[in-house]
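Enquirer: What follows is a single structure, and I will ask about it in a moment.
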Amino acid sequence: MYTPRRYNYGMTSRDLTFVLGGARSGKSVHAEQLAQESALPVTYIATARITGDAEFGERIAHHRALRPAHWRLHEADEDLAGAVTQNDALGECLLIDCLTLWLATLLCSPEGKATDLDHVLDHYRAHVAALEAALLAAQGKIIVVSNEIGLGVVPLGAATRLYVDELGRLNQRIAALSARVTMMVAGLPLALKPAGGA
């Protein structure tokens, strides 16, 4: 049985910024602005998978068209830690968008196939631990985007509740590692860490 805990690490990544918010809150736009303002070479690490959903494919294409053409693109699979390690370099910027879709890939079985929940969670938590280690070891600037989906009512369905709970825990872990955390609301950035900071 999983026991919730507070995440209060003794160290934070040297240049890790965490941007989170609800749907259409402006989080991706803000993260991309931060990456551009860094004036560093940028690698965009995409976590979305197109799985025959035409509308979702259009969303991805729209996001892609808005990004600067000279940014490098790395399409990550489950091994997001490996993508970070492979692309990280001093004097460069990584933009990871987003943890929400990465978590869905890890927790949701393909084509609705039945899987052993304990195995799925062990697999997921191993990937999260590896991601934490990669972020702490990173030499460059990293910006991570995620959704905040836990502000509404408790969702119906055990699978949905599990996803909401695990995303909340993942967000807490990344926020604890980050030097800066920004919450986007209606396109406005609210600095959560450092409080009142940039």
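For the structure tokens, the naming scheme is as follows: chains receive sequential letters (A, B, ...) according to their order of presentation, residues are indexed from 1 within each chain, and ligands are indexed from 1 in presentation order.
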Could you name the residues that touch range 149-153 of chain A at 8 Å or less, counting only C-alpha atoms, but leaving out those on the same chain fewer than 2 positions away, as a ChimeraX atom specification?
Expert: /A:21-22,147,155,164-165,168
Enquirer: Given the selection you just returned, output its residues as a file containing N, CA and C atoms, formatted as a CSV table (one decimal), in the first residue's frame.
Expert:
```csv
chain,number,residue,atom,x,y,z
A,21,GLY,N,-0.3,24.4,-14.4
A,21,GLY,CA,-1.6,25.1,-14.5
A,21,GLY,C,-2.6,24.2,-15.1
A,22,GLY,N,-3.9,24.7,-15.2
A,22,GLY,CA,-4.9,23.9,-15.8
A,22,GLY,C,-4.9,24.0,-17.3
A,147,ASN,N,0.3,19.7,-15.8
A,147,ASN,CA,-1.1,20.1,-15.5
A,147,ASN,C,-1.4,20.1,-14.0
A,155,PRO,N,-12.8,12.7,-8.6
A,155,PRO,CA,-13.4,12.1,-9.8
A,155,PRO,C,-14.0,10.7,-9.6
A,164,VAL,N,-5.3,11.0,-11.0
A,164,VAL,CA,-5.3,12.4,-10.4
A,164,VAL,C,-4.3,12.3,-9.1
A,165,ASP,N,-4.4,11.3,-8.3
A,165,ASP,CA,-3.5,11.2,-7.2
A,165,ASP,C,-2.1,11.1,-7.5
A,168,GLY,N,-0.7,14.4,-8.9
A,168,GLY,CA,-0.5,15.3,-7.7
A,168,GLY,C,0.8,15.0,-7.0
```
Enquirer: Check range 54-193 of chain A with DSSP on the backbone and list each residue it calls alpha helix (DSSP H), as a compact mmCIF listing (two decimals) with N, CA and C atoms, in the first residue's frame.
Expert:
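Resulting contents of states.txt:
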```
# COMPACT_ATOMS: atom_id res chain seq x y z
N ALA A 54 -7.32 11.92 -34.33
CA ALA A 54 -7.07 12.98 -35.30
C ALA A 54 -7.08 14.36 -34.64
N GLU A 55 -8.01 14.59 -33.73
CA GLU A 55 -8.10 15.90 -33.08
C GLU A 55 -6.86 16.16 -32.23
N PHE A 56 -6.40 15.13 -31.53
CA PHE A 56 -5.19 15.30 -30.71
C PHE A 56 -3.98 15.53 -31.59
N GLY A 57 -3.94 14.84 -32.73
CA GLY A 57 -2.86 15.07 -33.68
C GLY A 57 -2.84 16.51 -34.17
N GLU A 58 -4.01 17.09 -34.38
CA GLU A 58 -4.08 18.49 -34.79
C GLU A 58 -3.57 19.42 -33.70
N ARG A 59 -3.87 19.10 -32.47
CA ARG A 59 -3.37 19.90 -31.34
C ARG A 59 -1.84 19.90 -31.31
N ILE A 60 -1.26 18.71 -31.50
CA ILE A 60 0.20 18.59 -31.49
C ILE A 60 0.80 19.39 -32.65
N ALA A 61 0.18 19.28 -33.82
CA ALA A 61 0.67 20.02 -34.99
C ALA A 61 0.59 21.52 -34.76
N HIS A 62 -0.46 21.97 -34.09
CA HIS A 62 -0.61 23.40 -33.79
C HIS A 62 0.51 23.87 -32.86
N HIS A 63 0.76 23.10 -31.81
CA HIS A 63 1.85 23.44 -30.87
C HIS A 63 3.19 23.48 -31.61
N ARG A 64 3.40 22.50 -32.46
CA ARG A 64 4.66 22.40 -33.20
C ARG A 64 4.88 23.61 -34.10
N ALA A 65 3.79 24.06 -34.75
CA ALA A 65 3.89 25.20 -35.67
C ALA A 65 4.23 26.50 -34.95
N LEU A 66 3.85 26.61 -33.68
CA LEU A 66 4.09 27.84 -32.92
C LEU A 66 5.51 27.92 -32.36
N LEU A 80 11.88 9.06 -19.85
CA LEU A 80 12.09 10.50 -19.87
C LEU A 80 13.42 10.87 -19.24
N ALA A 81 13.84 10.11 -18.23
CA ALA A 81 15.15 10.36 -17.61
C ALA A 81 16.25 10.21 -18.64
N GLY A 82 16.16 9.18 -19.48
CA GLY A 82 17.15 8.99 -20.52
C GLY A 82 17.17 10.13 -21.52
N ALA A 83 15.99 10.66 -21.84
CA ALA A 83 15.91 11.80 -22.76
C ALA A 83 16.58 13.03 -22.16
N VAL A 84 16.38 13.24 -20.86
CA VAL A 84 17.02 14.37 -20.18
C VAL A 84 18.54 14.20 -20.21
N THR A 85 19.02 13.04 -19.82
CA THR A 85 20.46 12.79 -19.78
C THR A 85 21.10 12.91 -21.16
N GLN A 86 20.42 12.39 -22.16
CA GLN A 86 20.95 12.41 -23.53
C GLN A 86 21.07 13.83 -24.08
N ASN A 87 20.13 14.71 -23.72
CA ASN A 87 20.09 16.05 -24.33
C ASN A 87 20.64 17.16 -23.44
N LEU A 99 4.59 16.59 -18.26
CA LEU A 99 4.55 15.44 -17.37
C LEU A 99 3.20 14.74 -17.40
N THR A 100 2.14 15.49 -17.67
CA THR A 100 0.79 14.94 -17.65
C THR A 100 0.64 13.80 -18.66
N LEU A 101 1.12 14.03 -19.88
CA LEU A 101 1.01 13.02 -20.92
C LEU A 101 1.99 11.87 -20.68
N TRP A 102 3.15 12.19 -20.12
CA TRP A 102 4.12 11.15 -19.79
C TRP A 102 3.53 10.19 -18.76
N LEU A 103 2.88 10.74 -17.75
CA LEU A 103 2.25 9.91 -16.72
C LEU A 103 1.17 9.03 -17.33
N ALA A 104 0.38 9.58 -18.24
CA ALA A 104 -0.67 8.79 -18.88
C ALA A 104 -0.07 7.61 -19.63
N THR A 105 1.07 7.81 -20.28
CA THR A 105 1.74 6.72 -20.99
C THR A 105 2.18 5.63 -20.02
N LEU A 106 2.64 6.03 -18.84
CA LEU A 106 3.14 5.06 -17.87
C LEU A 106 2.02 4.31 -17.14
N LEU A 107 0.93 5.01 -16.85
CA LEU A 107 -0.13 4.41 -16.03
C LEU A 107 -1.24 3.75 -16.84
N LEU A 117 -1.91 -3.93 -11.39
CA LEU A 117 -1.73 -2.57 -10.91
C LEU A 117 -0.43 -2.39 -10.14
N ASP A 118 -0.08 -3.36 -9.30
CA ASP A 118 1.16 -3.25 -8.53
C ASP A 118 2.37 -3.18 -9.46
N HIS A 119 2.34 -3.98 -10.52
CA HIS A 119 3.44 -3.96 -11.49
C HIS A 119 3.50 -2.61 -12.19
N VAL A 120 2.34 -2.07 -12.59
CA VAL A 120 2.29 -0.77 -13.26
C VAL A 120 2.86 0.32 -12.36
N LEU A 121 2.46 0.31 -11.08
CA LEU A 121 2.93 1.34 -10.17
C LEU A 121 4.43 1.20 -9.88
N ASP A 122 4.91 -0.02 -9.73
CA ASP A 122 6.35 -0.22 -9.53
C ASP A 122 7.14 0.30 -10.74
N HIS A 123 6.64 -0.01 -11.92
CA HIS A 123 7.27 0.44 -13.17
C HIS A 123 7.28 1.96 -13.23
N TYR A 124 6.16 2.58 -12.92
CA TYR A 124 6.03 4.04 -12.94
C TYR A 124 6.97 4.68 -11.93
N ARG A 125 6.98 4.17 -10.71
CA ARG A 125 7.79 4.79 -9.66
C ARG A 125 9.28 4.65 -9.93
N ALA A 126 9.68 3.58 -10.59
CA ALA A 126 11.08 3.44 -10.99
C ALA A 126 11.45 4.53 -12.01
N HIS A 127 10.56 4.81 -12.94
CA HIS A 127 10.80 5.86 -13.93
C HIS A 127 10.84 7.24 -13.27
N VAL A 128 9.98 7.47 -12.29
CA VAL A 128 9.97 8.76 -11.59
C VAL A 128 11.27 8.95 -10.82
N ALA A 129 11.73 7.92 -10.13
CA ALA A 129 13.00 8.01 -9.39
C ALA A 129 14.15 8.31 -10.33
N ALA A 130 14.14 7.67 -11.51
CA ALA A 130 15.20 7.92 -12.50
C ALA A 130 15.12 9.35 -13.01
N LEU A 131 13.91 9.85 -13.22
CA LEU A 131 13.75 11.23 -13.68
C LEU A 131 14.28 12.21 -12.64
N GLU A 132 13.96 11.99 -11.38
CA GLU A 132 14.46 12.86 -10.31
C GLU A 132 15.99 12.90 -10.32
N ALA A 133 16.60 11.74 -10.44
CA ALA A 133 18.06 11.68 -10.45
C ALA A 133 18.63 12.43 -11.65
N ALA A 134 18.00 12.28 -12.81
CA ALA A 134 18.48 12.96 -14.02
C ALA A 134 18.34 14.47 -13.88
N LEU A 135 17.25 14.93 -13.30
CA LEU A 135 17.06 16.38 -13.12
C LEU A 135 18.08 16.96 -12.14
N LEU A 136 18.36 16.22 -11.07
CA LEU A 136 19.34 16.71 -10.09
C LEU A 136 20.75 16.73 -10.66
N ALA A 137 21.03 15.83 -11.58
CA ALA A 137 22.38 15.75 -12.15
C ALA A 137 22.56 16.68 -13.35
N ALA A 158 -12.12 4.42 -10.18
CA ALA A 158 -10.86 4.17 -9.48
C ALA A 158 -9.66 4.54 -10.34
N ALA A 159 -9.72 4.25 -11.64
CA ALA A 159 -8.58 4.53 -12.52
C ALA A 159 -8.33 6.02 -12.62
N THR A 160 -9.40 6.80 -12.72
CA THR A 160 -9.25 8.26 -12.81
C THR A 160 -8.73 8.82 -11.50
N ARG A 161 -9.24 8.32 -10.38
CA ARG A 161 -8.75 8.79 -9.08
C ARG A 161 -7.27 8.47 -8.92
N LEU A 162 -6.85 7.28 -9.35
CA LEU A 162 -5.44 6.91 -9.27
C LEU A 162 -4.59 7.89 -10.08
N TYR A 163 -5.04 8.20 -11.30
CA TYR A 163 -4.28 9.11 -12.15
C TYR A 163 -4.16 10.50 -11.51
N VAL A 164 -5.27 11.03 -10.99
CA VAL A 164 -5.25 12.35 -10.36
C VAL A 164 -4.32 12.34 -9.15
N ASP A 165 -4.40 11.29 -8.34
CA ASP A 165 -3.55 11.19 -7.15
C ASP A 165 -2.07 11.13 -7.54
N GLU A 166 -1.75 10.29 -8.52
CA GLU A 166 -0.35 10.12 -8.89
C GLU A 166 0.22 11.36 -9.56
N LEU A 167 -0.60 12.07 -10.35
CA LEU A 167 -0.11 13.32 -10.94
C LEU A 167 0.15 14.35 -9.85
N GLY A 168 -0.72 14.42 -8.86
CA GLY A 168 -0.50 15.34 -7.74
C GLY A 168 0.79 15.03 -7.01
N ARG A 169 1.06 13.74 -6.78
CA ARG A 169 2.30 13.35 -6.11
C ARG A 169 3.52 13.64 -6.98
N LEU A 170 3.40 13.38 -8.28
CA LEU A 170 4.50 13.67 -9.20
C LEU A 170 4.79 15.17 -9.21
N ASN A 171 3.75 16.00 -9.28
CA ASN A 171 3.94 17.45 -9.26
C ASN A 171 4.64 17.90 -7.99
N GLN A 172 4.27 17.30 -6.85
CA GLN A 172 4.92 17.66 -5.59
C GLN A 172 6.41 17.33 -5.64
N ARG A 173 6.74 16.20 -6.19
CA ARG A 173 8.14 15.78 -6.24
C ARG A 173 8.96 16.71 -7.12
N ILE A 174 8.43 17.07 -8.28
CA ILE A 174 9.17 17.95 -9.19
C ILE A 174 9.26 19.35 -8.60
N ALA A 175 8.19 19.82 -7.96
CA ALA A 175 8.22 21.13 -7.32
C ALA A 175 9.28 21.19 -6.22
N ALA A 176 9.42 20.09 -5.48
CA ALA A 176 10.42 20.05 -4.41
C ALA A 176 11.84 20.14 -4.96
N LEU A 177 12.06 19.60 -6.16
CA LEU A 177 13.38 19.64 -6.77
C LEU A 177 13.70 20.98 -7.42
```
Enquirer: Considering only C-alpha atoms, state which residue in the set A:Thr182, A:Ser146, A:Thr47, A:Ser28 is at the smallest distance from Arg67 in chain A.
Expert: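 Using only C-alpha atoms, the shortest distance to Arg67 in chain A belongs to A:Ser28.
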Enquirer: Between A:Asp15, A:Glu148, A:Asp88, A:Glu32, which one has atoms that come closest to Trp71 in chain A, using only C-alpha atoms?
Expert: A:Glu32
Enquirer: Using DSSP on the backbone, list every residue of range 13-191 of chain A that comes out as strand (DSSP E or B), and give them as a JSON list (two decimals) with N, CA and C atoms, in the first residue's frame.
Expert:
```json
[["chain", "number", "residue", "atom", "x", "y", "z"],
["A", 16, "LEU", "N", 16.30, 24.50, -12.44],
["A", 16, "LEU", "CA", 15.08, 23.80, -12.83],
["A", 16, "LEU", "C", 13.89, 24.68, -12.52],
["A", 17, "THR", "N", 13.09, 24.95, -13.56],
["A", 17, "THR", "CA", 11.87, 25.73, -13.42],
["A", 17, "THR", "C", 10.68, 24.83, -13.72],
["A", 18, "PHE", "N", 9.68, 24.85, -12.85],
["A", 18, "PHE", "CA", 8.49, 24.03, -12.99],
["A", 18, "PHE", "C", 7.31, 24.95, -13.24],
["A", 19, "VAL", "N", 6.60, 24.71, -14.36],
["A", 19, "VAL", "CA", 5.45, 25.53, -14.73],
["A", 19, "VAL", "C", 4.23, 24.62, -14.79],
["A", 20, "LEU", "N", 3.21, 24.94, -14.00],
["A", 20, "LEU", "CA", 2.02, 24.11, -14.03],
["A", 20, "LEU", "C", 0.77, 24.98, -14.04],
["A", 21, "GLY", "N", -0.33, 24.37, -14.45],
["A", 21, "GLY", "CA", -1.60, 25.09, -14.52],
["A", 21, "GLY", "C", -2.65, 24.19, -15.14],
["A", 42, "VAL", "N", 17.87, 25.51, -27.51],
["A", 42, "VAL", "CA", 16.75, 24.83, -26.85],
["A", 42, "VAL", "C", 16.49, 23.48, -27.51],
["A", 43, "THR", "N", 16.31, 22.47, -26.66],
["A", 43, "THR", "CA", 15.80, 21.18, -27.11],
["A", 43, "THR", "C", 14.43, 20.99, -26.46],
["A", 44, "TYR", "N", 13.43, 20.78, -27.30],
["A", 44, "TYR", "CA", 12.05, 20.58, -26.83],
["A", 44, "TYR", "C", 11.83, 19.07, -26.71],
["A", 45, "ILE", "N", 11.57, 18.62, -25.48],
["A", 45, "ILE", "CA", 11.32, 17.20, -25.25],
["A", 45, "ILE", "C", 9.81, 17.00, -25.16],
["A", 46, "ALA", "N", 9.25, 16.38, -26.19],
["A", 46, "ALA", "CA", 7.81, 16.15, -26.27],
["A", 46, "ALA", "C", 7.46, 14.79, -25.71],
["A", 72, "ARG", "N", 15.58, 22.20, -31.42],
["A", 72, "ARG", "CA", 15.66, 20.77, -31.66],
["A", 72, "ARG", "C", 14.46, 20.08, -31.00],
["A", 73, "LEU", "N", 14.06, 18.97, -31.55],
["A", 73, "LEU", "CA", 12.93, 18.20, -31.02],
["A", 73, "LEU", "C", 13.39, 16.80, -30.65],
["A", 74, "HIS", "N", 13.03, 16.37, -29.44],
["A", 74, "HIS", "CA", 13.27, 15.00, -29.02],
["A", 74, "HIS", "C", 11.94, 14.44, -28.53],
["A", 75, "GLU", "N", 11.45, 13.40, -29.19],
["A", 75, "GLU", "CA", 10.20, 12.76, -28.80],
["A", 75, "GLU", "C", 10.51, 11.65, -27.82],
["A", 93, "CYS", "N", 19.32, 24.63, -22.99],
["A", 93, "CYS", "CA", 18.03, 24.61, -22.30],
["A", 93, "CYS", "C", 17.20, 23.43, -22.79],
["A", 94, "LEU", "N", 16.62, 22.71, -21.86],
["A", 94, "LEU", "CA", 15.67, 21.65, -22.18],
["A", 94, "LEU", "C", 14.29, 22.10, -21.73],
["A", 95, "LEU", "N", 13.30, 21.93, -22.60],
["A", 95, "LEU", "CA", 11.91, 22.22, -22.27],
["A", 95, "LEU", "C", 11.13, 20.93, -22.39],
["A", 96, "ILE", "N", 10.62, 20.44, -21.26],
["A", 96, "ILE", "CA", 9.86, 19.18, -21.23],
["A", 96, "ILE", "C", 8.37, 19.51, -21.14],
["A", 97, "ASP", "N", 7.61, 19.09, -22.14],
["A", 97, "ASP", "CA", 6.19, 19.39, -22.19],
["A", 97, "ASP", "C", 5.45, 18.14, -22.68],
["A", 141, "LYS", "N", 19.98, 24.36, -18.25],
["A", 141, "LYS", "CA", 18.71, 24.92, -17.78],
["A", 141, "LYS", "C", 17.59, 23.99, -18.20],
["A", 142, "ILE", "N", 16.67, 23.69, -17.27],
["A", 142, "ILE", "CA", 15.56, 22.80, -17.58],
["A", 142, "ILE", "C", 14.25, 23.46, -17.16],
["A", 143, "ILE", "N", 13.26, 23.39, -18.06],
["A", 143, "ILE", "CA", 11.92, 23.89, -17.78],
["A", 143, "ILE", "C", 10.97, 22.71, -17.97],
["A", 144, "VAL", "N", 10.16, 22.44, -16.96],
["A", 144, "VAL", "CA", 9.24, 21.31, -16.99],
["A", 144, "VAL", "C", 7.81, 21.83, -16.89],
["A", 145, "VAL", "N", 6.93, 21.30, -17.73],
["A", 145, "VAL", "CA", 5.53, 21.71, -17.75],
["A", 145, "VAL", "C", 4.66, 20.56, -17.27],
["A", 146, "SER", "N", 3.62, 20.87, -16.48],
["A", 146, "SER", "CA", 2.67, 19.86, -16.04],
["A", 146, "SER", "C", 1.30, 20.51, -15.82],
["A", 147, "ASN", "N", 0.28, 19.67, -15.77],
["A", 147, "ASN", "CA", -1.08, 20.15, -15.47],
["A", 147, "ASN", "C", -1.36, 20.06, -13.98],
["A", 180, "ARG", "N", 12.53, 27.13, -9.06],
["A", 180, "ARG", "CA", 11.42, 28.06, -9.31],
["A", 180, "ARG", "C", 10.19, 27.27, -9.71],
["A", 181, "VAL", "N", 9.03, 27.64, -9.14],
["A", 181, "VAL", "CA", 7.75, 27.03, -9.50],
["A", 181, "VAL", "C", 6.76, 28.14, -9.80],
["A", 182, "THR", "N", 6.11, 28.05, -10.95],
["A", 182, "THR", "CA", 5.13, 29.05, -11.37],
["A", 182, "THR", "C", 3.81, 28.37, -11.67],
["A", 183, "MET", "N", 2.72, 28.93, -11.12],
["A", 183, "MET", "CA", 1.38, 28.44, -11.40],
["A", 183, "MET", "C", 0.73, 29.41, -12.37],
["A", 184, "MET", "N", 0.23, 28.89, -13.50],
["A", 184, "MET", "CA", -0.43, 29.73, -14.49],
["A", 184, "MET", "C", -1.94, 29.70, -14.28],
["A", 185, "VAL", "N", -2.54, 30.89, -14.22],
["A", 185, "VAL", "CA", -3.99, 31.03, -14.10],
["A", 185, "VAL", "C", -4.43, 32.10, -15.08],
["A", 188, "LEU", "N", -1.82, 34.23, -16.56],
["A", 188, "LEU", "CA", -1.02, 35.04, -15.64],
["A", 188, "LEU", "C", -0.13, 34.14, -14.79],
["A", 189, "PRO", "N", 1.17, 34.43, -14.73],
["A", 189, "PRO", "CA", 2.08, 33.62, -13.92],
["A", 189, "PRO", "C", 2.06, 34.03, -12.45],
["A", 190, "LEU", "N", 1.84, 33.06, -11.59],
["A", 190, "LEU", "CA", 1.87, 33.29, -10.15],
["A", 190, "LEU", "C", 3.07, 32.55, -9.57],
["A", 191, "ALA", "N", 4.02, 33.28, -9.01],
["A", 191, "ALA", "CA", 5.24, 32.67, -8.48],
["A", 191, "ALA", "C", 4.93, 31.98, -7.16]]
```
Enquirer: Enter the distance from CA of Ala48 in chain A to CA of Lys27 in chain A, in Å, rounded to one decimal.
Expert: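 That distance, rounded to one decimal, is 15.7 Å.
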Enquirer: Check the smallest atom-to-atom distance from each of A:Arg24, A:Ser38, A:Leu156, A:Ala76 to Gly91 in chain A using only C-alpha atoms, then report the winner.
Expert: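 Comparing A:Arg24, A:Ser38, A:Leu156, A:Ala76 against Gly91 in chain A, the winner is A:Ser38.
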